[in-house]
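Structure first, then comments.
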4 protein chains.
Amino acid sequence: MRSRVEELRHSLYTIIYQANTPAGKGFDIALILCILASVLVMVLDSVASLNQRHGEFFLLAEWFFTGLFTVEYILRIFCIHKPSKYIFSFYGIIDLLAIVPFYLSLFISGTHYLQVVRILRVLRVFRVLKLMRFINQSNLLLNALLASRLKISIFLFTVTTLLVVFGSAMYLIEGPENGFSNIPVSIYWAVVTLTTVGFGDITPKTDLGRGVASLVMIVGYAIIAVPTGIFTAELSREMRKDSGGLDKRTCTRCRAHGHQADANYCRICSTELSPPASREDHQSA
Amino acid sequence: MRSRVEELRHSLYTIIYQANTPAGKGFDIALILCILASVLVMVLDSVASLNQRHGEFFLLAEWFFTGLFTVEYILRIFCIHKPSKYIFSFYGIIDLLAIVPFYLSLFISGTHYLQVVRILRVLRVFRVLKLMRFINQSNLLLNALLASRLKISIFLFTVTTLLVVFGSAMYLIEGPENGFSNIPVSIYWAVVTLTTVGFGDITPKTDLGRGVASLVMIVGYAIIAVPTGIFTAELSREMRKDSGGLDKRTCTRCRAHGHQADANYCRICSTELSPPASREDHQSA
Amino acid sequence: MRSRVEELRHSLYTIIYQANTPAGKGFDIALILCILASVLVMVLDSVASLNQRHGEFFLLAEWFFTGLFTVEYILRIFCIHKPSKYIFSFYGIIDLLAIVPFYLSLFISGTHYLQVVRILRVLRVFRVLKLMRFINQSNLLLNALLASRLKISIFLFTVTTLLVVFGSAMYLIEGPENGFSNIPVSIYWAVVTLTTVGFGDITPKTDLGRGVASLVMIVGYAIIAVPTGIFTAELSREMRKDSGGLDKRTCTRCRAHGHQADANYCRICSTELSPPASREDHQSA
Amino acid sequence: MRSRVEELRHSLYTIIYQANTPAGKGFDIALILCILASVLVMVLDSVASLNQRHGEFFLLAEWFFTGLFTVEYILRIFCIHKPSKYIFSFYGIIDLLAIVPFYLSLFISGTHYLQVVRILRVLRVFRVLKLMRFINQSNLLLNALLASRLKISIFLFTVTTLLVVFGSAMYLIEGPENGFSNIPVSIYWAVVTLTTVGFGDITPKTDLGRGVASLVMIVGYAIIAVPTGIFTAELSREMRKDSGGLDKRTCTRCRAHGHQADANYCRICSTELSPPASREDHQSA
């Protein structure tokens with residue numbers, strides 16, 4: 001009896017947590033479709049006219065998807081060896097947050113809780129974060145981003161300092177009469193301008209203010225080069241590393257190195273090379 | 001008799017589908033000019049004041065260009081070996097769409113079909129897509145784009161998730177009273193902001209909303225680095241490959257290729273290789 | 001007598017057209033300052049309040065600078081060997097345009113020519129183009145731009161096609177009632193949106209229009225990667241070429257190449273190398 | 001007695017000016033937190049509603065932080081060997097400016113000096129510049145920026161010329177009646193447009209103006225590639241230099257250095273070199 005439950009748990013684990021079997025792949029695709037559909041329902045539900053016309057259908061769909069995700073959540077806890085490891089992981093929390101708001105909204109009634117109900121209803125949209133699980137974590141992009149972490153922090157720190165300096169300067173120059181009501185608002189304007197978004201809800205009116213604004217814009221236009229340069233250089237390096245330049249064998253006669261991964265003989269002097277290290281790695285793995 | 005038709009078809013095929021003869025080149029240039037002129041007529045025809053003054057000339061020009069493109073379409077079908085291959089290709093459909101709206105608009109009369117006629121008239125502008133045929137498909141840019149396809153998909157997927165999350169958060173924070181009427185509209189605002197377009201038709205009014213908006217802008221400003229980095233790194237690699245890493249020597253004994261530029265011996269079987277082509281090029285030059 | 005004029009012409013030529021003598025450098029710096037000062041006068045002159053107060057000073061300054069540039073123009077023609085070569089060059093025309101508007105404005109009087117006078121007055125601002133002469137033409141940036149000419153043309157061509165397609169689609173969807181009065185205006189909107197400028201003077205109001213607009217924005221946000229990637233890859237290559245990887249010597253014993261420019265012996269097998277080619281080039285030059 | 005003061009000065013110097021001891025690190029972190037807290041107080045103080053409610057607390061906090069920074073300033077002067085070197089350095093001036101406005105505002109009273117007091121109060125926000133001290137100066141980013149200094153200057157010079165030309169052209173085309181009141185304002189518009197900020201406070205209304213504006217936008221969209229390309233190429237080079245092109249071996253006979261990573265023999269005198277460091281690193285690791 002015990003072993004059958006174990007068997008079930010094991011096969012469920014393979015289906016839910018792994019993607020290298022046909023069943024596991026099928027489960028993943030079904031889950032992605034369910035997430036997308038449920039997010040779509042949430043999004044459309046927020047449109048007043050659609051809510052009035054199809055409100056009941058949306059509620060039904062919501063019951064269905066919440067039920068589904070609840071079953072998924074319970075099965076994930078059931079079939080994992082150490083449930084706590086899943087429950088307190090990033091995706092464990094996201095999975096819980098994807099179902100809790102609906103159940104909470106059922107227990108709240110009375111008109112002055114409507115605001116809370118609305119918030120809970122919208123919170124379910126963040127279910128979309130469940131999708132992040134399906135992005136392969138071990139990719140080049142992430143490596144490049146992690147490798148450029150420190151450089152990008154320095155950049156963001158410099159940008160923040162610039163934003164405070166420019167925001168305060170504009171508050172002094174333009175003042176509350178031109179919409180720069182206080183320093184936080186001026187810093188908000190500086191963000192809007194430096195990032196080249198430019199809403200136009202707050203704009204400088206004085207000549208000096210327009211001069212400083214021009215400076216902010218040109219700075220913002222030019223320093224976009226910095227994060228782009230950092231990431232591009234880092235990604236180029238990752239890609240070069242990835243594409244095979246890493247054979248560490250040295251020719252015993254002429255000491256040439258940098259051989260290709262499939263080389264048997266030294267390309268310079270034709271001496272036989274030892275079998276490549278990377279191939280050995282794969283055999284031992 | 002039969003063979004003369006065959007001959008005609010063959011020479012037409014050379015002119016219409018190929019560009020390496022003087023006649024073929026001339027045909028291509030004439031076609032490009034016709035497309036540009038007909039699109040220009042369409043565009044100007046949509047301006048009310050010009051339409052009132054030169055409406056008849058525009059109609060005449062339209063008769064002329066549609067006739068021309070109809071002849072082109074028929075000839076393309078006539079001279080190709082397998083007409084179905086052309087008709088159902090991307091450009092076959094574009095070529096058909098370039099003439100059909102005009103003919104359709106002739107058969108529709110009555111005042112309440114005016115809307116349809118206007119749509120048909122505008123659809124003819126998409127004739128500009130006929131020009132895409134003349135972009136050489138086998139270029140570095142396309143290769144680089146194709147090679148970075150997967151990475152860019154992951155990027156777009158992450159951006160979409162961010163848009164949904166930020167859009168929903170702003171809907172909660174600002175609410176319908178500040179223009180964020182529902183989640184689709186809030187997501188539209190998030191697109192406008194994250195891409196640094198910043199129309200300013202919808203802007204946050206609350207302090208928290210402005211804080212989150214600042215975050216969206218800085219994220220949008222910084223992550224433009226990602227597609228740029230991907231494409232740049234990929235294009236650099238394509239260009240490096242193109243400019244000489246592609247050693248074309250083949251081992252005379254084991255037929256291995258893909259040797260390094262400084263290789264003297266085959267890395268697979270140690271046979272001596274001919275001197276690299278690039279060196280010879282310089283000697284003969 | 002003749003030779004003294006010749007001498008004068010020669011020394012003037014050295015001063016005016018060359019920058020490697022102290023006098024030539026001094027002339028260049030004085031000219032740059034004059035251009036900047038005269039452009040500044042033009043710019044300030046256009047401000048109504050300043051024009052009312054300092055109008056006479058501005059006129060005087062204009063007389064002075066025009067006189068100066070006239071003398072410069074005459075001297076340039078006088079001291080060059082083939083005057084026509086200068087007169088019809090890009091800078092010859094710019095230099096002429098820098099003085100002609102002022103003289104023309106003197107001969108025009110009467111109230112209904114005021115518009116022409118204003119245009120002529122503003123045209124003098126383009127004097128700033130005289131400064132382009134001082135940018136060193138033989139730099140890496142220009143080489144990189146020229147090398148990526150074709151790729152950037154293809155990019156601009158694709159962007160233009162996209163603009164026509166998106167503009168026409170938005171004209172159909174939004175129509176004149178939402179500000180998309182005709183196709184040229186809709187294409188203008190598409191430019192504003194695709195380049196992520198986003199003035200906000202014309203914005204989509206319908207749901208479908210906002211959806212298509214979102215697509216335009218995301219496309220514009222992503223394809224900025226293309227010109228950036230092209231230019232970066234090209235500039236990297238120019239810089240690599242520039243920094244010395246071009247030694248073409250090959251070791252006579254082990255056939256290794258890629259030696260450094262100052263190498264006397266093969267780094268792989270210690271055989272003596274022939275003197276580097278680049279040094280020979282310099283000796284023969 | 002004398003030596004104890006010297007000792008104190010020395011240990012203070014270690015704590016204040018150096019960061020490699022625990023005490024020095026602690027001092028730095030405490031200083032950063034104080035700066036951030038004092039800037040936050042300044043920023044919040046500028047919000048009218050907060051100022052009314054918590055004005056007294058803000059004043060108290062300001063007394064506290066100014067006292068603290070005054071003590072810091074005095075200690076910095078006290079413990080350095082040559083005080084003048086610190087006082088007239090960039091950070092010496094910033095440190096002084098961080099405390100002077102507050103003391104000045106104490107001596108100014110009377111209603112018509114209120115404006116000055118407000119300015120002095122806001123000036124204290126620039127205390128945030130004290131943080132710049134903690135960015136490591138010897139990083140790759142700064143090297144890359146310095147190396148690309150000249151190229152970026154040429155770029156900015158070209159952009160400035162473009163701004164003057166486009167601004168003047170738009171002033172001619174649109175004129176004061178469409179918001180382009182004078183050339184400085186038109187240049188401001190050109191900055192807003194070329195940098196793709198696009199506030200929308202001034203927008204072209206005429207057809208020709210919109211055409212030229214489209215050109216400005218496409219130019220601004222495309223030439224962002226230039227600073228990005230410059231910085232990326234420069235940073236890639238810095239990183240390549242950093243990551244191992246810098247072979248540290250020195251020839252034992254002729255002292256030549258800068259050998260290539262795969263060199264076995266000195267390229268200058270053919271003496272055998274020790275195996276490259278990077279290979280040893282891998283063996284010992």
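Residue numbers start at 1 in each chain; chains themselves are named A, B, ... in the order of the structure tokens; ligands are numbered from 1 in the order shown.
Taken over all Cα atoms in order, the superposition of chain A onto chain C returns an RMSD of 0.5 Å.
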Define the interface residues of chain A facing chain B as those within 6 Å, counting only C-alpha atoms, and report them as a ChimeraX atom specification.
/A:43,46-47,195-200,227-228,231-232,236,263-265,267-268,270
Could those selected residues go to a file with N, CA and C atoms, as an mmCIF file, in the first residue's frame?
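The resulting file, selection19.cif, is reproduced below:
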data_model
loop_
_atom_site.group_PDB
_atom_site.id
_atom_site.type_symbol
_atom_site.label_atom_id
_atom_site.label_comp_id
_atom_site.auth_asym_id
_atom_site.auth_seq_id
_atom_site.Cartn_x
_atom_site.Cartn_y
_atom_site.Cartn_z
ATOM 1 N N VAL A 43 -8.072 40.316 -16.728
ATOM 2 C CA VAL A 43 -7.865 41.591 -17.415
ATOM 3 C C VAL A 43 -9.173 42.090 -18.004
ATOM 4 N N SER A 46 -11.870 43.488 -15.657
ATOM 5 C CA SER A 46 -11.706 44.849 -15.124
ATOM 6 C C SER A 46 -12.346 45.902 -16.028
ATOM 7 N N VAL A 47 -12.716 45.492 -17.259
ATOM 8 C CA VAL A 47 -13.370 46.444 -18.156
ATOM 9 C C VAL A 47 -14.853 46.521 -17.780
ATOM 10 N N THR A 195 14.968 59.659 -18.604
ATOM 11 C CA THR A 195 14.740 58.385 -19.274
ATOM 12 C C THR A 195 14.145 58.595 -20.669
ATOM 13 N N THR A 196 14.028 59.852 -21.097
ATOM 14 C CA THR A 196 13.488 60.225 -22.414
ATOM 15 C C THR A 196 12.036 59.793 -22.602
ATOM 16 N N VAL A 197 11.290 59.598 -21.497
ATOM 17 C CA VAL A 197 9.864 59.275 -21.633
ATOM 18 C C VAL A 197 9.107 60.546 -22.043
ATOM 19 N N GLY A 198 9.220 61.610 -21.232
ATOM 20 C CA GLY A 198 8.644 62.900 -21.615
ATOM 21 C C GLY A 198 7.147 62.930 -21.704
ATOM 22 N N PHE A 199 6.435 62.707 -20.575
ATOM 23 C CA PHE A 199 4.971 62.752 -20.602
ATOM 24 C C PHE A 199 4.473 64.122 -21.052
ATOM 25 N N GLY A 200 5.093 65.172 -20.526
ATOM 26 C CA GLY A 200 4.614 66.505 -20.843
ATOM 27 C C GLY A 200 3.594 67.022 -19.849
ATOM 28 N N PRO A 227 24.468 51.526 -19.810
ATOM 29 C CA PRO A 227 23.970 50.167 -19.562
ATOM 30 C C PRO A 227 24.033 49.297 -20.811
ATOM 31 N N THR A 228 23.760 49.902 -21.976
ATOM 32 C CA THR A 228 23.815 49.134 -23.220
ATOM 33 C C THR A 228 25.219 48.598 -23.447
ATOM 34 N N PHE A 231 26.078 45.746 -20.878
ATOM 35 C CA PHE A 231 25.424 44.472 -21.153
ATOM 36 C C PHE A 231 25.963 43.840 -22.438
ATOM 37 N N THR A 232 26.163 44.676 -23.481
ATOM 38 C CA THR A 232 26.652 44.144 -24.753
ATOM 39 C C THR A 232 28.036 43.528 -24.593
ATOM 40 N N SER A 236 28.774 39.613 -25.139
ATOM 41 C CA SER A 236 29.755 39.189 -26.140
ATOM 42 C C SER A 236 30.739 38.226 -25.512
ATOM 43 N N ALA A 263 40.011 18.318 -32.022
ATOM 44 C CA ALA A 263 41.331 18.084 -32.611
ATOM 45 C C ALA A 263 41.988 16.852 -32.007
ATOM 46 N N ASN A 264 42.605 16.041 -32.866
ATOM 47 C CA ASN A 264 43.396 14.906 -32.391
ATOM 48 C C ASN A 264 44.886 15.219 -32.468
ATOM 49 N N TYR A 265 45.258 16.100 -33.431
ATOM 50 C CA TYR A 265 46.669 16.416 -33.644
ATOM 51 C C TYR A 265 46.887 17.925 -33.546
ATOM 52 N N ARG A 267 47.655 21.472 -34.566
ATOM 53 C CA ARG A 267 47.482 22.076 -35.885
ATOM 54 C C ARG A 267 48.754 22.745 -36.375
ATOM 55 N N ILE A 268 49.718 22.999 -35.453
ATOM 56 C CA ILE A 268 50.952 23.682 -35.830
ATOM 57 C C ILE A 268 52.031 22.687 -36.239
ATOM 58 N N SER A 270 51.640 18.949 -35.860
ATOM 59 C CA SER A 270 51.093 17.609 -36.127
ATOM 60 C C SER A 270 51.368 16.566 -35.044
#
Long-range neighbours of segment 92-102 of chain C as a PyMOL selection string, 10 Å cut-off, only C-alpha atoms, 2 positions minimum in chain:
chain C and resi 35+62-63+65-70+72-74+76-77+83-90+104-107+116-117+119-130
Kindly give the distance, in Å, that separates atom CA of Asp45 of chain A and atom CA of Leu75 of chain A, rounded to a single decimal.
28.5 Å
